[in-house]
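Have a look at data37.cif; it's mmCIF, C-alpha atoms:
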```
data_upload
loop_
_atom_site.group_PDB
_atom_site.id
_atom_site.type_symbol
_atom_site.label_atom_id
_atom_site.label_comp_id
_atom_site.auth_asym_id
_atom_site.auth_seq_id
_atom_site.Cartn_x
_atom_site.Cartn_y
_atom_site.Cartn_z
ATOM 1 C CA MET O 1 156.356 13.268 118.671
ATOM 2 C CA LYS O 2 154.601 12.629 115.386
ATOM 3 C CA LYS O 3 152.211 15.270 114.053
ATOM 4 C CA ILE O 4 149.197 15.658 111.794
ATOM 5 C CA LYS O 5 149.397 18.183 108.974
ATOM 6 C CA VAL O 6 146.210 19.720 107.576
ATOM 7 C CA THR O 7 146.544 21.315 104.138
ATOM 8 C CA VAL O 8 144.949 21.868 100.725
ATOM 9 C CA ALA O 9 145.085 18.535 98.876
ATOM 10 C CA GLY O 10 147.115 18.344 95.668
ATOM 11 C CA LYS O 11 148.242 15.790 93.101
ATOM 12 C CA GLU O 12 150.814 14.478 95.564
ATOM 13 C CA HIS O 13 147.885 13.184 97.622
ATOM 14 C CA LEU O 14 146.156 11.206 94.838
ATOM 15 C CA GLY O 15 147.552 7.967 96.250
ATOM 16 C CA TYR O 16 145.208 8.376 99.225
ATOM 17 C CA VAL O 17 142.042 8.454 97.086
ATOM 18 C CA PRO O 18 141.119 4.734 97.378
ATOM 19 C CA GLU O 19 141.452 4.970 101.156
ATOM 20 C CA ILE O 20 139.364 8.153 101.242
ATOM 21 C CA GLU O 21 136.648 6.525 99.114
ATOM 22 C CA LYS O 22 136.630 3.448 101.370
ATOM 23 C CA ALA O 23 136.330 5.603 104.502
ATOM 24 C CA ILE O 24 133.410 7.606 103.024
ATOM 25 C CA ILE O 25 131.580 4.435 101.925
ATOM 26 C CA PHE O 26 132.048 2.877 105.367
ATOM 27 C CA ALA O 27 130.760 6.017 107.094
ATOM 28 C CA SER O 28 127.802 6.364 104.699
ATOM 29 C CA LYS O 29 126.548 2.929 105.796
ATOM 30 C CA LYS O 30 126.549 3.824 109.467
ATOM 31 C CA LYS O 31 123.263 4.991 110.956
ATOM 32 C CA GLY O 32 123.185 8.677 111.807
ATOM 33 C CA THR O 33 125.817 10.021 109.389
ATOM 34 C CA GLY O 34 123.696 11.142 106.414
ATOM 35 C CA LEU O 35 126.900 10.966 104.351
ATOM 36 C CA ALA O 36 126.617 10.445 100.582
ATOM 37 C CA LYS O 37 128.999 8.110 98.727
ATOM 38 C CA ARG O 38 131.474 9.517 96.205
ATOM 39 C CA SER O 39 133.437 7.732 93.469
ATOM 40 C CA VAL O 40 137.208 7.599 93.067
ATOM 41 C CA GLU O 41 136.909 9.792 89.969
ATOM 42 C CA TYR O 42 134.877 12.404 91.836
ATOM 43 C CA ILE O 43 137.339 12.575 94.742
ATOM 44 C CA LYS O 44 140.310 12.795 92.341
ATOM 45 C CA GLY O 45 138.593 15.644 90.529
ATOM 46 C CA LYS O 46 138.136 17.640 93.726
ATOM 47 C CA ILE O 47 141.787 17.180 94.647
ATOM 48 C CA LEU O 48 143.063 18.195 91.203
ATOM 49 C CA GLU O 49 140.779 21.248 91.217
ATOM 50 C CA GLY O 50 142.308 22.383 94.516
ATOM 51 C CA LYS O 51 138.943 21.996 96.257
ATOM 52 C CA ALA O 52 139.779 19.578 99.036
ATOM 53 C CA ILE O 53 141.411 19.577 102.457
ATOM 54 C CA ILE O 54 143.410 16.581 103.660
ATOM 55 C CA ALA O 55 145.025 15.622 106.965
ATOM 56 C CA ILE O 56 148.154 13.456 106.964
ATOM 57 C CA PHE O 57 149.723 11.828 110.028
ATOM 58 C CA ASP O 58 153.522 11.522 110.189
ATOM 59 C CA ASP O 59 153.773 12.648 106.536
ATOM 60 C CA LYS O 60 152.366 9.346 105.303
ATOM 61 C CA LYS O 61 149.103 8.160 106.894
ATOM 62 C CA PHE O 62 145.644 9.405 105.917
ATOM 63 C CA ALA O 63 143.942 11.087 108.888
ATOM 64 C CA GLY O 64 141.047 13.119 107.468
ATOM 65 C CA PHE O 65 139.421 14.714 104.420
ATOM 66 C CA CYS O 66 136.772 17.191 103.257
ATOM 67 C CA TYR O 67 135.923 18.609 99.822
ATOM 68 C CA ILE O 68 134.220 21.699 98.395
ATOM 69 C CA GLU O 69 131.279 21.784 95.989
ATOM 70 C CA SER O 70 129.687 24.856 94.369
ATOM 71 C CA TRP O 71 126.044 25.078 93.307
ATOM 72 C CA GLY O 72 123.547 27.508 91.809
ATOM 73 C CA HIS O 73 126.048 29.395 89.629
ATOM 74 C CA LYS O 74 128.538 29.509 92.541
ATOM 75 C CA ARG O 75 126.090 31.333 94.829
ATOM 76 C CA PHE O 76 126.142 28.406 97.257
ATOM 77 C CA VAL O 77 129.044 26.281 98.466
ATOM 78 C CA ALA O 78 129.028 23.066 100.483
ATOM 79 C CA ASN O 79 131.929 21.608 102.465
ATOM 80 C CA SER O 80 131.103 17.926 102.143
ATOM 81 C CA GLY O 81 132.445 14.447 102.810
ATOM 82 C CA LEU O 82 134.033 15.282 106.158
ATOM 83 C CA ILE O 83 135.713 12.081 107.301
ATOM 84 C CA VAL O 84 138.153 11.339 110.129
ATOM 85 C CA PRO O 85 139.202 7.713 110.775
ATOM 86 C CA GLU O 86 138.290 6.492 114.240
ATOM 87 C CA GLU O 87 141.878 6.370 115.508
ATOM 88 C CA PHE O 88 142.238 10.129 114.946
ATOM 89 C CA ARG O 89 139.002 11.235 116.569
ATOM 90 C CA GLY O 90 138.732 13.132 119.830
ATOM 91 C CA MET O 91 141.669 15.404 118.959
ATOM 92 C CA GLY O 92 139.802 18.362 117.466
ATOM 93 C CA LEU O 93 140.913 17.298 113.995
ATOM 94 C CA ALA O 94 137.445 17.428 112.416
ATOM 95 C CA MET O 95 137.054 21.044 113.544
ATOM 96 C CA THR O 96 140.454 21.939 112.081
ATOM 97 C CA ILE O 97 139.618 20.311 108.734
ATOM 98 C CA LYS O 98 136.234 22.062 108.563
ATOM 99 C CA ARG O 99 137.792 25.417 109.478
ATOM 100 C CA GLU O 100 140.375 25.079 106.710
ATOM 101 C CA ALA O 101 137.651 24.017 104.269
ATOM 102 C CA LEU O 102 135.653 27.103 105.217
ATOM 103 C CA ASN O 103 138.723 29.305 104.765
ATOM 104 C CA LEU O 104 139.434 27.765 101.361
ATOM 105 C CA SER O 105 135.784 28.200 100.364
ATOM 106 C CA ARG O 106 135.937 31.876 101.313
ATOM 107 C CA ILE O 107 139.052 32.292 99.156
ATOM 108 C CA LEU O 108 137.638 30.483 96.122
ATOM 109 C CA PHE O 109 134.040 31.728 96.429
ATOM 110 C CA PRO O 110 134.116 34.928 98.532
ATOM 111 C CA ALA O 111 130.501 35.929 97.796
ATOM 112 C CA ALA O 112 128.926 32.488 98.236
ATOM 113 C CA LYS O 113 126.810 31.262 101.117
ATOM 114 C CA LEU O 114 128.118 28.059 102.666
ATOM 115 C CA PHE O 115 125.697 25.333 103.681
ATOM 116 C CA GLY O 116 125.592 21.795 104.914
ATOM 117 C CA LEU O 117 123.216 18.928 105.639
ATOM 118 C CA THR O 118 123.976 16.538 108.467
ATOM 119 C CA THR O 119 122.438 14.224 111.027
ATOM 120 C CA SER O 120 125.624 14.187 113.113
ATOM 121 C CA LEU O 121 125.463 16.111 116.392
ATOM 122 C CA ALA O 122 129.263 16.412 116.349
ATOM 123 C CA VAL O 123 129.191 18.054 112.899
ATOM 124 C CA MET O 124 126.381 20.369 113.993
ATOM 125 C CA LYS O 125 128.512 21.515 116.928
ATOM 126 C CA ILE O 126 131.494 22.074 114.641
ATOM 127 C CA ASN O 127 129.386 24.057 112.170
ATOM 128 C CA SER O 128 127.897 26.164 114.959
ATOM 129 C CA GLY O 129 131.387 26.957 116.229
ATOM 130 C CA LEU O 130 132.326 28.176 112.743
ATOM 131 C CA GLY O 131 129.330 30.497 112.441
ATOM 132 C CA TYR O 132 126.756 28.291 110.691
ATOM 133 C CA LYS O 133 123.095 28.726 111.670
ATOM 134 C CA PRO O 134 120.221 26.190 111.385
ATOM 135 C CA VAL O 135 117.857 27.050 108.514
ATOM 136 C CA THR O 136 114.940 25.526 106.609
ATOM 137 C CA PHE O 137 115.646 23.643 103.387
ATOM 138 C CA SER O 138 114.048 26.492 101.423
ATOM 139 C CA GLU O 139 117.086 28.684 102.210
ATOM 140 C CA LEU O 140 119.465 26.262 100.507
ATOM 141 C CA THR O 141 120.319 25.989 96.827
ATOM 142 C CA ASP O 142 117.579 24.902 94.414
ATOM 143 C CA ASP O 143 120.217 23.395 92.108
ATOM 144 C CA ASN O 144 118.888 19.963 91.113
ATOM 145 C CA GLU O 145 122.410 18.612 90.679
ATOM 146 C CA PHE O 146 123.078 19.116 94.389
ATOM 147 C CA TRP O 147 119.947 17.256 95.432
ATOM 148 C CA LYS O 148 120.758 14.402 93.055
ATOM 149 C CA GLY O 149 123.862 13.865 95.153
ATOM 150 C CA CYS O 150 121.623 12.904 98.070
ATOM 151 C CA GLN O 151 120.393 9.817 96.212
ATOM 152 C CA THR O 152 123.179 7.662 97.687
ATOM 153 C CA CYS O 153 122.251 8.690 101.236
ATOM 154 C CA ALA O 154 120.259 6.258 103.386
ATOM 155 C CA TYR O 155 117.663 8.965 104.076
ATOM 156 C CA TYR O 156 116.946 9.971 100.471
ATOM 157 C CA ASP O 157 113.482 8.390 100.510
ATOM 158 C CA ILE O 158 112.362 10.879 103.167
ATOM 159 C CA LEU O 159 113.724 13.803 101.180
ATOM 160 C CA PHE O 160 112.026 12.546 98.006
ATOM 161 C CA ARG O 161 108.645 11.897 99.654
ATOM 162 C CA THR O 162 108.526 15.390 101.161
ATOM 163 C CA ASN O 163 109.508 17.160 97.920
ATOM 164 C CA ARG O 164 112.857 18.290 99.404
ATOM 165 C CA THR O 165 111.286 20.077 102.354
ATOM 166 C CA HIS O 166 112.142 17.635 105.144
ATOM 167 C CA CYS O 167 114.731 15.013 106.003
ATOM 168 C CA LEU O 168 116.493 13.576 109.045
ATOM 169 C CA CYS O 169 119.348 15.934 108.201
ATOM 170 C CA THR O 170 119.585 19.409 109.709
ATOM 171 C CA ALA O 171 120.287 22.218 107.245
ATOM 172 C CA MET O 172 122.878 24.781 108.335
ATOM 173 C CA LEU O 173 123.955 27.978 106.570
ATOM 174 C CA TYR O 174 126.982 30.276 106.816
ATOM 175 C CA ASP O 175 126.249 33.700 105.329
ATOM 176 C CA PRO O 176 129.466 35.760 104.938
ATOM 177 C CA GLU O 177 127.457 38.996 105.036
ATOM 178 C CA LYS O 178 126.166 38.112 108.507
ATOM 179 C CA ALA O 179 129.205 36.299 109.862
ATOM 180 C CA GLY O 180 130.964 39.360 111.302
ATOM 181 C CA LYS O 181 134.377 38.533 112.715
ATOM 182 C CA ASN O 182 133.899 34.861 111.875
ATOM 183 C CA GLY O 183 133.897 35.819 108.197
ATOM 184 C CA LYS O 184 137.591 36.689 108.127
ATOM 185 C CA ILE O 185 140.053 34.626 106.134
ATOM 186 C CA PHE O 186 142.804 33.693 108.547
ATOM 187 C CA HIS O 187 145.508 32.039 106.467
ATOM 188 C CA LYS O 188 146.052 33.255 102.917
ATOM 189 C CA ILE O 189 149.239 33.464 100.854
ATOM 190 C CA LYS O 190 148.888 34.072 97.119
ATOM 191 C CA GLY O 191 145.432 32.556 97.123
ATOM 192 C CA GLN O 192 146.432 29.406 98.983
ATOM 193 C CA LEU O 193 146.069 28.268 102.554
ATOM 194 C CA ILE O 194 149.025 27.663 104.795
ATOM 195 C CA GLY O 195 149.433 23.970 105.636
ATOM 196 C CA ARG O 196 149.176 23.785 109.424
ATOM 197 C CA PHE O 197 150.047 21.307 112.108
ATOM 198 C CA VAL O 198 147.491 20.379 114.730
ATOM 199 C CA LYS O 199 147.669 18.307 117.891
ATOM 200 C CA GLU O 200 150.551 15.895 118.246
ATOM 201 C CA LYS O 201 149.913 12.172 118.422
ATOM 202 C CA SER O 202 152.426 9.862 120.048
#
```
Could you show the structure in this file as structure tokens?
Amino acid sequence: MKKIKVTVAGKEHLGYVPEIEKAIIFASKKKGTGLAKRSVEYIKGKILEGKAIIAIFDDKKFAGFCYIESWGHKRFVANSGLIVPEEFRGMGLAMTIKREALNLSRILFPAAKLFGLTTSLAVMKINSGLGYKPVTFSELTDDNEFWKGCQTCAYYDILFRTNRTHCLCTAMLYDPEKAGKNGKIFHKIKGQLIGRFVKEKS
């Protein structure tokens, strides 16, 4: 049986960047994703900074990705760009990637609040399972650089017209001070996450 490994992305994964960019662009064009486009250079930077999670099938095929961004002097962190190719969906892989991204965020930015914006019901369910709560946009970062990143989203016109108070996206927040048991870091060795295997795929 072949398996999917989920781990912190490193320079050995740079060869997957064009495929990751293509998958994000494709998803950003689909109605209901609210996913912003990201350049090859941006994705490479996240990988080299140790701020990305990647899933690899059979040690060679790209199966999923998510990256970490910090805002407002590192007081807020977003786990963004969650992407799982269609052939690997329905296996719980997106949840595993998001959980590892949350764990990595808690290691790198232990005092930060984690937040996300999404129109995807599936992502909302994943976030809820990880301890995120729906909030108003006023509880998110006021860092202008973050909001500039929304300009490549199909729904940016709504956000702009409402002065960043409303959008089709739902805002969700994970506050480590209120997370209780969900705030624990589960897999940490010398500041790094353990690469883990998830469901097998024949």
Can you list, as a PyMOL selection string, every protein, DNA or RNA residue that comes within 7 Å of Phe65 of chain O when you count only C-alpha atoms, leaving out same-chain residues fewer than 5 positions away?
chain O and resi 53-55+82-84
Dump of C-alpha atoms for the selected residues, as a PDB file, in the coordinates of the input:
```pdb
ATOM      1  CA  ILE O  53     141.411  19.577 102.457  1.00  0.00           C
ATOM      2  CA  ILE O  54     143.410  16.581 103.660  1.00  0.00           C
ATOM      3  CA  ALA O  55     145.025  15.622 106.965  1.00  0.00           C
ATOM      4  CA  LEU O  82     134.033  15.282 106.158  1.00  0.00           C
ATOM      5  CA  ILE O  83     135.713  12.081 107.301  1.00  0.00           C
ATOM      6  CA  VAL O  84     138.153  11.339 110.129  1.00  0.00           C
TER       7      VAL O  84
END
```
Quick check on the file I pasted: which residues fall under the PyMOL selection byres ((chain O and resi 18) around 10)? Write them as a VMD selection string.
chain O and resid 14 to 17 19 to 24 39 to 41 43 to 44
Check what the PyMOL selection byres ((chain O and resi 48) around 10) selects in the file above and give those residues as a list in words.
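Answer for the PyMOL selection byres ((chain O and resi 48) around 10): Ala9, Gly10, Lys11, Glu12, His13, Leu14, Ile43, Lys44, Gly45, Lys46, Ile47, Glu49, Gly50, Lys51 and Ala52 of chain O.
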Which residues would end up in the selection if the PyMOL selection byres ((chain O and resi 103-116) around 6) were applied here, given that I need the answer as a list of chain:residue names?
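So the PyMOL selection byres ((chain O and resi 103-116) around 6) ends up selecting O:Arg75, O:Phe76, O:Val77, O:Ala78, O:Glu100, O:Ala101, O:Leu102, O:Leu117, O:Ala171, O:Met172, O:Leu173, O:Tyr174, O:Asp175, O:Ile185.
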For segment 101-112 of chain O, I'd like the enclosing box, axis-aligned and padded by 4 Å on every side, reported as lines of an AutoDock Vina configuration file with centre and edge lengths in Å to one decimal.
```
center_x = 134.2
center_y = 30.0
center_z = 100.7
size_x = 18.5
size_y = 19.9
size_z = 17.1
```
